[in-house]
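Only one structure is covered here, and it is reproduced in the block below.
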Amino acid sequence: MTMAYLAQPEQQQKLEWLDGGTFSVLLDKEATEGKLTVGRFDVARGEAPPFHLHTREDEVFMLIKGTALVWSGEDEHELSEGGIVYLPRNIPHGYRITSARADLLMITTPGGIEGMFRHAGRDLSTPRPDGFEIPKSLLAEASELYGGVILGPPR
């Protein structure tokens with residue numbers, strides 16, 4: 001890489017994600033030569049992905065605002081505002097937002113997981129179809145395409 005990559009907020013792709021939340025692609029694998037992905041969630045109370053693991057990426061979550069429960073294997077932890085968690089690949093995990101809203105930063109290495117969000121999410125720059133939702137079958141397909149394994153329902 002010969003120069004830094006810079007993307008202003010209006011240049012960052014925003015996707016509708018689970019339960020009407022949003023996921024913003026801040027840095028993708030193209031911007032980082034495959035080294036990492038950085039994304040940001042804006043979600044409401046109760047948002048929870050299926051219990052899952054990643055076979056390709058190590059993952060870091062930082063809760064910028066809000067509170068959440070986080071599961072790593074069978075261990076449950078409370079994550080408060082400013083808390084951070086590291087989830088190595090192949091470790092089953094999940095979370096559930098417990099505050100009214102949460103602002104969550106996600107970093108994965110190597111990059112590429114943004115493809116899963118793009119595959120199943122809806123780009124907010126496009127019109128929203130009536131009754132849009134992410135079917136479980138599409139979420140499972142996207143997860144499998146990008147090295148994820150869904151292990152069970154949200155916790």
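Simple scheme: letters A, B, ... for chains in structure tokens order, numbers from 1 for residues in each chain, numbers from 1 for ligands in the order shown.
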
For Ala100 of chain A: contacts at 9 Å, only C-alpha atoms, fewer than 4 positions along chain excluded, given as a ChimeraX atom specification: /A:43-46,66-67

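The neighbours of Gly111 of chain A here are the residues that come within 7 Å of it, using only C-alpha atoms and leaving out any residue fewer than 2 positions away in the same chain; they are Asp28, Lys29, Gly34, Lys35, Leu36, Thr37, Thr108, Thr109 and Ile113 of chain A.
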
Atom CA of Ile150 of chain A and atom CA of Ala102 of chain A, how far apart in Å?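 Here the two named atoms are 23.0 Å from each other.
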
Residue list (alpha helix (DSSP H), DSSP) for chain A, as a ChimeraX atom specification: /A:114-120,136-145

Interatomic distance, atom CA of Val38 of chain A to atom CA of Thr126 of chain A (Å, one decimal): 22.2 Å

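Within 6 Å of segment 87-95 of chain A, once only C-alpha atoms are used and residues closer than 6 positions along the same chain are dropped, the contacting residues are Ala48, Phe51, His52, Leu53, His54, Thr55, Glu57, Asp58, Glu59, Leu69, Val70, Trp71, Ser72 and Gly73 of chain A.
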
From the DSSP assignment of the backbone, select every residue of chain A that is strand (DSSP E), and format the answer as a ChimeraX atom specification. /A:13-16,22-27,37-44,51-54,58-65,68-72,75-79,84-87,93-97,101-109,122-123,148-152

If you count only C-alpha atoms, which residues fall within 8 Å of Phe23 of chain A, apart from same-chain ones fewer than 3 positions away, as a list in words?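 Those residues are Lys14, Leu15, Glu16, Trp17, Gly39, Arg40, Phe41, Asp42 and Phe117 of chain A.
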
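Minimum distance to Glu10 of chain A across A:Leu26, A:Ile84, A:Ala140, A:Leu151 (counting only C-alpha atoms) occurs at A:Leu26.
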
Need to verify the contact set: Val85 of chain A, 8 Å, only C-alpha atoms, exclusion of same-chain residues closer than 4 positions in sequence. Can you return it as an MDAnalysis selection string? chainID A and resid 60:62

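Atom CA of Pro135 of chain A to atom CA of Gly112 of chain A spans 21.7 Å [interatomic distance, one decimal].
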